[in-house]
>>> print(open('structure_26.cif').read())   # mmCIF, C-alpha atoms
data_run
#
loop_
_atom_site.label_atom_id
_atom_site.label_comp_id
_atom_site.auth_asym_id
_atom_site.auth_seq_id
_atom_site.Cartn_x
_atom_site.Cartn_y
_atom_site.Cartn_z
CA MET A 1 -6.74 20.46 -2.88
CA ASN A 2 -5.55 23.71 -4.29
CA LYS A 3 -3.10 25.38 -6.58
CA ASP A 4 -0.35 25.07 -3.97
CA PHE A 5 -0.79 21.31 -3.86
CA GLN A 6 -0.53 21.09 -7.66
CA GLN A 7 2.70 23.06 -7.42
CA GLN A 8 4.01 20.67 -4.75
CA LEU A 9 3.36 17.73 -7.06
CA GLU A 10 5.09 19.40 -9.99
CA GLU A 11 8.15 20.29 -7.89
CA ALA A 12 8.53 16.67 -6.74
CA VAL A 13 8.10 15.38 -10.30
CA LEU A 14 10.66 17.86 -11.65
CA TYR A 15 13.22 16.84 -9.02
CA LEU A 16 12.75 13.12 -9.73
CA THR A 17 12.90 13.67 -13.47
CA ASP A 18 16.20 15.50 -12.97
CA GLN A 19 17.36 12.43 -11.02
CA LYS A 20 16.82 10.37 -14.22
CA ILE A 21 13.63 8.64 -13.05
CA ASP A 22 12.47 7.80 -16.56
CA GLN A 23 8.98 6.44 -17.32
CA PRO A 24 8.58 3.77 -14.62
CA GLU A 25 5.85 1.26 -15.46
CA VAL A 26 4.80 -0.08 -12.05
CA GLY A 27 4.65 1.68 -8.70
CA ILE A 28 5.07 -0.35 -5.53
CA VAL A 29 4.29 0.55 -1.91
CA LEU A 30 6.00 -1.64 0.70
CA GLY A 31 4.30 -1.69 4.09
CA THR A 32 5.35 -2.45 7.67
CA GLY A 33 8.22 -4.91 7.76
CA LEU A 34 7.92 -5.56 4.03
CA GLY A 35 11.02 -4.14 2.40
CA LYS A 36 12.89 -7.17 1.08
CA LEU A 37 11.38 -6.99 -2.39
CA VAL A 38 14.04 -4.34 -2.92
CA GLU A 39 16.63 -7.16 -2.92
CA HIS A 40 15.06 -8.37 -6.18
CA ILE A 41 15.25 -4.97 -7.87
CA ASP A 42 18.17 -4.15 -10.14
CA ILE A 43 18.57 -0.70 -8.59
CA GLU A 44 19.48 2.26 -10.77
CA LYS A 45 18.66 5.01 -8.30
CA GLU A 46 17.94 5.16 -4.56
CA ILE A 47 16.60 8.44 -3.20
CA GLU A 48 15.92 9.38 0.43
CA TYR A 49 12.46 10.84 0.97
CA THR A 50 14.11 13.74 2.78
CA ASN A 51 15.71 14.81 -0.51
CA ILE A 52 12.47 14.93 -2.51
CA PRO A 53 10.66 18.29 -2.45
CA ASN A 54 7.36 18.19 -0.54
CA PHE A 55 7.60 14.46 0.28
CA PRO A 56 6.57 13.54 3.82
CA VAL A 57 9.15 11.77 5.97
CA SER A 58 8.35 8.36 7.44
CA THR A 59 8.45 8.42 11.25
CA VAL A 60 7.86 4.67 11.73
CA GLU A 61 10.98 2.71 12.63
CA SER A 62 10.08 -0.23 10.37
CA HIS A 63 9.75 2.02 7.29
CA HIS A 64 13.05 2.84 5.59
CA GLY A 65 12.00 6.06 3.83
CA LYS A 66 13.53 5.53 0.40
CA LEU A 67 12.30 5.69 -3.17
CA ILE A 68 13.85 2.89 -5.23
CA TYR A 69 14.03 3.00 -9.04
CA GLY A 70 15.17 0.10 -11.21
CA HIS A 71 14.11 -3.12 -12.92
CA CYS A 72 12.29 -6.11 -11.44
CA GLY A 73 11.17 -8.97 -13.62
CA ASN A 74 10.42 -7.40 -16.97
CA LYS A 75 9.24 -4.08 -15.59
CA LYS A 76 10.70 -0.70 -14.75
CA VAL A 77 9.58 -0.12 -11.16
CA LEU A 78 9.42 2.74 -8.68
CA ALA A 79 9.15 1.35 -5.15
CA MET A 80 8.35 3.18 -1.94
CA GLN A 81 10.32 1.49 0.82
CA GLY A 82 8.08 2.83 3.55
CA ARG A 83 4.76 4.69 3.43
CA PHE A 84 2.98 7.42 5.38
CA HIS A 85 0.06 7.10 7.78
CA TYR A 86 -2.65 9.34 9.18
CA TYR A 87 -1.52 8.48 12.73
CA GLU A 88 1.89 10.06 12.06
CA GLY A 89 0.16 13.43 11.92
CA TYR A 90 -0.06 13.82 8.14
CA THR A 91 -3.22 14.75 6.30
CA LEU A 92 -4.31 12.06 3.88
CA GLN A 93 -3.56 14.47 1.04
CA GLN A 94 0.06 14.58 2.23
CA ALA A 95 0.21 10.84 2.85
CA THR A 96 -0.91 10.04 -0.69
CA LEU A 97 1.14 12.69 -2.50
CA PRO A 98 3.67 10.05 -3.66
CA ILE A 99 0.95 8.09 -5.48
CA ARG A 100 0.09 11.12 -7.60
CA VAL A 101 3.77 11.84 -8.18
CA MET A 102 4.41 8.26 -9.38
CA LYS A 103 1.45 8.50 -11.78
CA MET A 104 2.75 11.80 -13.15
CA LEU A 105 6.13 10.11 -13.70
CA GLY A 106 4.47 7.45 -15.83
CA ILE A 107 3.44 4.37 -13.81
CA ARG A 108 0.52 2.43 -15.26
CA GLU A 109 -0.13 0.03 -12.37
CA LEU A 110 0.18 0.19 -8.59
CA LEU A 111 1.02 -2.69 -6.25
CA LEU A 112 0.47 -2.16 -2.53
CA SER A 113 1.30 -4.24 0.53
CA ASN A 114 0.53 -3.89 4.21
CA ALA A 115 0.62 -5.70 7.52
CA ALA A 116 -2.86 -6.40 8.90
CA GLY A 117 -4.63 -8.18 11.72
CA ALA A 118 -6.79 -11.18 10.80
CA MET A 119 -10.32 -10.93 12.23
CA ASN A 120 -11.68 -13.71 10.01
CA LEU A 121 -11.05 -16.78 12.17
CA ASN A 122 -10.43 -18.89 9.06
CA TYR A 123 -7.27 -16.87 8.42
CA LYS A 124 -3.99 -17.59 10.20
CA LYS A 125 -1.05 -15.30 10.94
CA GLY A 126 1.67 -15.64 8.37
CA GLU A 127 -0.83 -16.02 5.52
CA LEU A 128 -1.69 -13.48 2.82
CA MET A 129 -4.95 -11.82 1.78
CA LEU A 130 -5.70 -10.19 -1.55
CA LEU A 131 -7.89 -7.13 -1.09
CA ASP A 132 -11.16 -7.37 -2.99
CA ASP A 133 -12.86 -4.44 -1.23
CA HIS A 134 -12.36 -2.09 1.68
CA ILE A 135 -14.04 0.17 4.23
CA ASN A 136 -12.60 3.57 5.10
CA MET A 137 -12.98 4.37 8.80
CA LEU A 138 -10.31 7.06 8.81
CA PRO A 139 -11.64 10.50 9.79
CA ASP A 140 -10.43 12.09 6.57
CA ASN A 141 -10.39 11.54 2.82
CA PRO A 142 -7.45 12.31 0.49
CA LEU A 143 -9.86 13.90 -2.00
CA ARG A 144 -11.33 16.40 0.47
CA GLY A 145 -11.05 19.99 -0.73
CA PRO A 146 -11.02 21.50 -4.22
CA ASN A 147 -10.68 18.85 -6.92
CA LEU A 148 -7.68 18.56 -9.23
CA ASP A 149 -9.82 18.33 -12.36
CA LYS A 150 -6.92 17.45 -14.64
CA MET A 151 -6.15 14.37 -12.55
CA GLY A 152 -9.62 12.95 -11.99
CA PRO A 153 -13.34 13.56 -11.45
CA ARG A 154 -14.88 15.27 -8.44
CA PHE A 155 -16.84 12.12 -7.54
CA PRO A 156 -14.79 9.07 -8.59
CA ASP A 157 -16.53 5.72 -8.80
CA MET A 158 -15.39 3.12 -6.24
CA SER A 159 -17.55 0.16 -7.23
CA VAL A 160 -14.45 -1.86 -8.20
CA PRO A 161 -11.59 -0.29 -6.21
CA TYR A 162 -9.14 -3.10 -6.98
CA SER A 163 -8.40 -4.16 -10.55
CA ARG A 164 -10.13 -7.44 -11.37
CA THR A 165 -7.54 -8.16 -14.05
CA MET A 166 -4.68 -7.71 -11.60
CA ASN A 167 -6.45 -9.67 -8.87
CA ASP A 168 -7.17 -12.57 -11.25
CA LYS A 169 -3.48 -12.67 -12.14
CA PHE A 170 -2.42 -12.76 -8.50
CA GLU A 171 -4.89 -15.56 -7.71
CA SER A 172 -3.58 -17.56 -10.66
CA LEU A 173 0.03 -17.02 -9.60
CA ALA A 174 -0.74 -18.01 -5.99
CA GLY A 175 -2.16 -21.29 -7.26
CA GLN A 176 0.88 -21.95 -9.42
CA LEU A 177 3.26 -21.14 -6.55
CA HIS A 178 1.20 -23.07 -3.94
CA ILE A 179 0.81 -19.96 -1.80
CA THR A 180 -2.25 -19.51 0.41
CA LEU A 181 -3.90 -16.28 -0.76
CA HIS A 182 -7.24 -15.44 0.80
CA LYS A 183 -9.46 -12.80 -0.77
CA GLY A 184 -11.47 -10.43 1.37
CA CYS A 185 -12.30 -7.02 2.77
CA TYR A 186 -9.88 -4.69 4.57
CA VAL A 187 -10.98 -1.99 7.01
CA ALA A 188 -8.71 1.00 7.61
CA VAL A 189 -8.72 2.54 11.09
CA THR A 190 -6.80 5.46 12.57
CA GLY A 191 -4.36 3.70 14.91
CA PRO A 192 -1.68 3.70 16.12
CA ASN A 193 -3.07 1.57 18.96
CA LEU A 194 -4.33 -1.90 18.22
CA GLU A 195 -8.01 -2.66 18.79
CA THR A 196 -9.92 -3.62 21.91
CA ARG A 197 -11.92 -6.84 22.11
CA ALA A 198 -15.15 -4.91 21.59
CA GLU A 199 -13.71 -3.13 18.56
CA TYR A 200 -12.68 -6.44 16.97
CA ARG A 201 -16.19 -7.82 17.56
CA TYR A 202 -17.63 -4.75 15.87
CA LEU A 203 -15.20 -4.61 12.93
CA ARG A 204 -15.34 -8.32 12.07
CA ASN A 205 -19.03 -7.96 11.26
CA PHE A 206 -18.10 -6.34 7.97
CA ALA A 207 -14.38 -6.93 7.26
CA ASP A 208 -11.90 -9.79 7.27
CA VAL A 209 -8.77 -7.88 8.27
CA VAL A 210 -7.94 -4.55 9.89
CA GLY A 211 -5.05 -2.15 9.29
CA MET A 212 -4.01 1.50 9.31
CA SER A 213 -3.08 2.23 5.69
CA THR A 214 -3.67 1.38 2.00
CA VAL A 215 -7.23 2.66 1.63
CA PRO A 216 -6.25 6.34 1.12
CA GLU A 217 -3.74 5.30 -1.55
CA VAL A 218 -6.36 3.18 -3.29
CA ILE A 219 -8.88 6.05 -3.23
CA VAL A 220 -6.31 8.29 -4.93
CA ALA A 221 -5.39 5.56 -7.43
CA ASN A 222 -9.04 5.29 -8.44
CA HIS A 223 -9.34 9.07 -8.67
CA ILE A 224 -6.41 9.30 -11.11
CA GLY A 225 -7.36 6.22 -13.15
CA LEU A 226 -4.52 4.02 -11.91
CA PRO A 227 -5.27 0.25 -11.74
CA CYS A 228 -4.14 -1.21 -8.43
CA ALA A 229 -3.92 -4.39 -6.38
CA ALA A 230 -3.09 -4.82 -2.70
CA ILE A 231 -2.01 -7.74 -0.55
CA SER A 232 -2.07 -7.91 3.25
CA VAL A 233 0.42 -9.94 5.25
CA LEU A 234 -1.52 -11.24 8.26
CA THR A 235 0.65 -10.64 11.30
CA ASP A 236 -1.70 -11.47 14.16
CA GLU A 237 -4.98 -13.28 14.85
CA CYS A 238 -7.60 -10.94 16.27
CA ASP A 239 -10.00 -13.28 18.06
CA PRO A 240 -11.71 -11.17 20.73
CA ASP A 241 -12.53 -14.29 22.77
CA ASN A 242 -8.90 -15.39 22.82
CA LEU A 243 -6.96 -12.15 22.58
CA HIS A 244 -3.35 -11.82 23.70
CA PRO A 245 -1.09 -8.76 23.77
CA VAL A 246 1.06 -8.39 20.66
CA SER A 247 4.20 -6.28 20.27
CA LEU A 248 5.65 -4.51 17.24
CA GLN A 249 8.57 -6.95 17.41
CA GLU A 250 6.20 -9.91 17.05
CA ILE A 251 4.38 -8.22 14.16
CA LEU A 252 7.65 -7.54 12.37
CA LYS A 253 8.81 -11.12 12.95
CA ILE A 254 5.67 -12.61 11.37
CA ALA A 255 5.76 -10.04 8.56
CA GLY A 256 9.35 -10.99 7.83
CA GLU A 257 8.46 -14.68 7.62
CA ALA A 258 5.40 -14.17 5.40
CA GLU A 259 7.21 -11.63 3.26
CA LYS A 260 8.91 -14.46 1.36
CA ASP A 261 5.60 -15.48 -0.23
CA LEU A 262 4.57 -11.87 -0.86
CA THR A 263 7.90 -11.23 -2.59
CA ARG A 264 7.53 -14.35 -4.74
CA LEU A 265 4.08 -13.19 -5.85
CA PHE A 266 5.23 -9.66 -6.68
CA VAL A 267 8.32 -10.85 -8.55
CA GLU A 268 6.37 -13.35 -10.62
CA TYR A 269 3.72 -10.74 -11.36
CA LEU A 270 6.38 -8.31 -12.57
CA LYS A 271 7.75 -10.92 -14.94
CA GLY A 272 4.47 -10.48 -16.81
CA ASN A 273 4.22 -14.12 -17.88
#
>>> encode(input="structure_26.cif", output="structure tokens")
Amino acid sequence: MNKDFQQQLEEAVLYLTDQKIDQPEVGIVLGTGLGKLVEHIDIEKEIEYTNIPNFPVSTVESHHGKLIYGHCGNKKVLAMQGRFHYYEGYTLQQATLPIRVMKMLGIRELLLSNAAGAMNLNYKKGELMLLDDHINMLPDNPLRGPNLDKMGPRFPDMSVPYSRTMNDKFESLAGQLHITLHKGCYVAVTGPNLETRAEYRYLRNFADVVGMSTVPEVIVANHIGLPCAAISVLTDECDPDNLHPVSLQEILKIAGEAEKDLTRLFVEYLKGN
């Protein structure tokens, strides 16, 4: 990271401030096929990523590419309707730029969602998993390069990457709403291809689900002192001994069905009861 990157952040923040984005409290990242939470936001401003200085542009068809500002529950929220991935060709510094920008605008908590494959055979597609830990198998790190000392330490601690307070709240809400919410470990891989049978056998030795996002954003959130929680929507069952081809259409279909429970959890959380 260098002076130019700091300038990129400040330019994006200045533009969004001029657009009347005023002290949002909670940032939200909506993953693959998971955009309907926006229907529960009282929208004050909707901004295309292409209009924000230095923002990447989402190249994935299931990611809308909009920044949504408004109220949800009892909170002022800033929601990313679509995120950025390493496999799109971005560096992880670029892919996580919006997380830093949202923090500079004022958010105090970060909620993340993603679509993931279930390697734990006790999990079923259509269910949800709360991330308790993760493994980064991406060939890059968003903190590589000179440190932005004003934003966080050179060597941030990652012993508790996900806020225990936030996770406890989500587990409590899941119980109240009768929603199945597993808790486990997520492993981030490069993608964009799905895994082979041998790769699933290898990865399931140390993680419950596999995906292509989230971990870089969580690393940055920890670097800048931003409490976060993340929930995976399980879109396919990755049993290497009973593996069947899966298409993006199938993944989006399952994500759309499970999204109802994810949305209920996020909305109730934002009510702050």
>>> atom_distance(input="structure_26.cif", atom1="atom CA of A:Ala79", atom2="atom CA of A:His223")
20.3 Å
>>> residues_near_point(input="structure_26.cif", point="(12.7, 7.7, -3.3)", cutoff="9 Å", atoms="only C-alpha atoms", output="PyMOL selection string")
chain A and resi 16+45-52+65-69+78-81
>>> residues_around(input="structure_26.cif", residues="A:Lys271", least_positions_apart="5", cutoff="10 Å", atoms="all atoms listed in the file", output="list of chain:residue names")
A:Cys72, A:Gly73, A:Asn74, A:Lys75, A:Phe266
>>> write_last_selection(input="structure_26.cif", atoms="C-alpha atoms", output="mmCIF file, keeping the file's coordinate frame")
data_model
loop_
_atom_site.group_PDB
_atom_site.id
_atom_site.type_symbol
_atom_site.label_atom_id
_atom_site.label_comp_id
_atom_site.auth_asym_id
_atom_site.auth_seq_id
_atom_site.Cartn_x
_atom_site.Cartn_y
_atom_site.Cartn_z
ATOM 1 C CA CYS A 72 12.290 -6.110 -11.440
ATOM 2 C CA GLY A 73 11.170 -8.970 -13.620
ATOM 3 C CA ASN A 74 10.420 -7.400 -16.970
ATOM 4 C CA LYS A 75 9.240 -4.080 -15.590
ATOM 5 C CA PHE A 266 5.230 -9.660 -6.680
#
>>> resolve_selection(input="structure_26.cif", expression="the PyMOL selection byres ((chain A and resi 144) around 10)", output="list in words")
Met1, Leu92, Gln93, Asp140, Asn141, Pro142, Leu143, Gly145, Pro146, Asn147 and Arg154 of chain A
>>> write_last_selection(input="structure_26.cif", atoms="C-alpha atoms", output="PDB file, in the coordinates of the input")
ATOM      1  CA  MET A   1      -6.740  20.460  -2.880  1.00  0.00           C
ATOM      2  CA  LEU A  92      -4.310  12.060   3.880  1.00  0.00           C
ATOM      3  CA  GLN A  93      -3.560  14.470   1.040  1.00  0.00           C
ATOM      4  CA  ASP A 140     -10.430  12.090   6.570  1.00  0.00           C
ATOM      5  CA  ASN A 141     -10.390  11.540   2.820  1.00  0.00           C
ATOM      6  CA  PRO A 142      -7.450  12.310   0.490  1.00  0.00           C
ATOM      7  CA  LEU A 143      -9.860  13.900  -2.000  1.00  0.00           C
ATOM      8  CA  GLY A 145     -11.050  19.990  -0.730  1.00  0.00           C
ATOM      9  CA  PRO A 146     -11.020  21.500  -4.220  1.00  0.00           C
ATOM     10  CA  ASN A 147     -10.680  18.850  -6.920  1.00  0.00           C
ATOM     11  CA  ARG A 154     -14.880  15.270  -8.440  1.00  0.00           C
TER      12      ARG A 154
END
>>> resolve_selection(input="structure_26.cif", expression="the PyMOL selection byres ((chain A and resi 157-165) around 9)", output="list of chain:residue names")
A:Leu131, A:Asp132, A:Asp133, A:His134, A:Pro153, A:Phe155, A:Pro156, A:Met166, A:Asn167, A:Asp168, A:Lys169, A:Phe170, A:Val218, A:Ile219, A:Ala221, A:Asn222, A:His223, A:Pro227, A:Cys228, A:Ala229, A:Ala230
>>> residues_near_point(input="structure_26.cif", point="(2.8, 14.7, 10.5)", cutoff="12 Å", atoms="only C-alpha atoms", output="compact mmCIF listing (two decimals) with C-alpha atoms, keeping the file's coordinate frame")
# COMPACT_ATOMS: atom_id res chain seq x y z
CA PHE A 55 7.60 14.46 0.28
CA PRO A 56 6.57 13.54 3.82
CA VAL A 57 9.15 11.77 5.97
CA SER A 58 8.35 8.36 7.44
CA THR A 59 8.45 8.42 11.25
CA VAL A 60 7.86 4.67 11.73
CA PHE A 84 2.98 7.42 5.38
CA HIS A 85 0.06 7.10 7.78
CA TYR A 86 -2.65 9.34 9.18
CA TYR A 87 -1.52 8.48 12.73
CA GLU A 88 1.89 10.06 12.06
CA GLY A 89 0.16 13.43 11.92
CA TYR A 90 -0.06 13.82 8.14
CA THR A 91 -3.22 14.75 6.30
CA LEU A 92 -4.31 12.06 3.88
CA GLN A 93 -3.56 14.47 1.04
CA GLN A 94 0.06 14.58 2.23
CA ALA A 95 0.21 10.84 2.85
>>> axis_aligned_box(input="structure_26.cif", around="stretch 93-112 of chain A", padding_each_side="4 Å", output="AutoDock Vina command-line options")
--center_x 1.3 --center_y 5.9 --center_z -6.5 --size_x 17.7 --size_y 25.3 --size_z 26.7
>>> resolve_selection(input="structure_26.cif", expression="the PyMOL selection byres ((chain A and resi 199-208) around 8)", output="MDAnalysis selection string")
chainID A and resid 118:120 134:135 184:187 195:198 209:210 238:240
>>> atom_distance(input="structure_26.cif", atom1="atom CA of A:Lys20", atom2="atom CA of A:Gly70")
10.8 Å
>>> atom_distance(input="structure_26.cif", atom1="atom CA of A:Glu171", atom2="atom CA of A:Gly225")
22.6 Å
>>> residues_around(input="structure_26.cif", residues="A:Pro53", least_positions_apart="6", cutoff="9 Å", atoms="all atoms listed in the file", output="PDB file with C-alpha atoms, in the frame of the given file")
ATOM      1  CA  GLN A   8       4.010  20.670  -4.750  1.00  0.00           C
ATOM      2  CA  LEU A   9       3.360  17.730  -7.060  1.00  0.00           C
ATOM      3  CA  GLU A  11       8.150  20.290  -7.890  1.00  0.00           C
ATOM      4  CA  ALA A  12       8.530  16.670  -6.740  1.00  0.00           C
ATOM      5  CA  VAL A  13       8.100  15.380 -10.300  1.00  0.00           C
ATOM      6  CA  TYR A  15      13.220  16.840  -9.020  1.00  0.00           C
TER       7      TYR A  15
END
>>> closest_residue(input="structure_26.cif", among="A:Thr263, A:Gln23, A:Thr96, A:Ser172", to="A:Phe5", atoms="only C-alpha atoms")
A:Thr96
>>> closest_residue(input="structure_26.cif", among="A:Thr17, A:Leu173, A:Asp4, A:Asn136", to="A:Leu270", atoms="all atoms listed in the file")
A:Leu173
>>> closest_residue(input="structure_26.cif", among="A:Ala116, A:Leu138, A:Ile107, A:Leu262", to="A:Asp236", atoms="all atoms listed in the file")
A:Ala116
>>> closest_residue(input="structure_26.cif", among="A:Val77, A:Gln6, A:Leu105, A:Asp18", to="A:His40", atoms="only C-alpha atoms")
A:Val77
>>> closest_residue(input="structure_26.cif", among="A:Leu265, A:Leu128, A:Met212, A:Ala255", to="A:Leu111", atoms="all atoms listed in the file")
A:Leu265
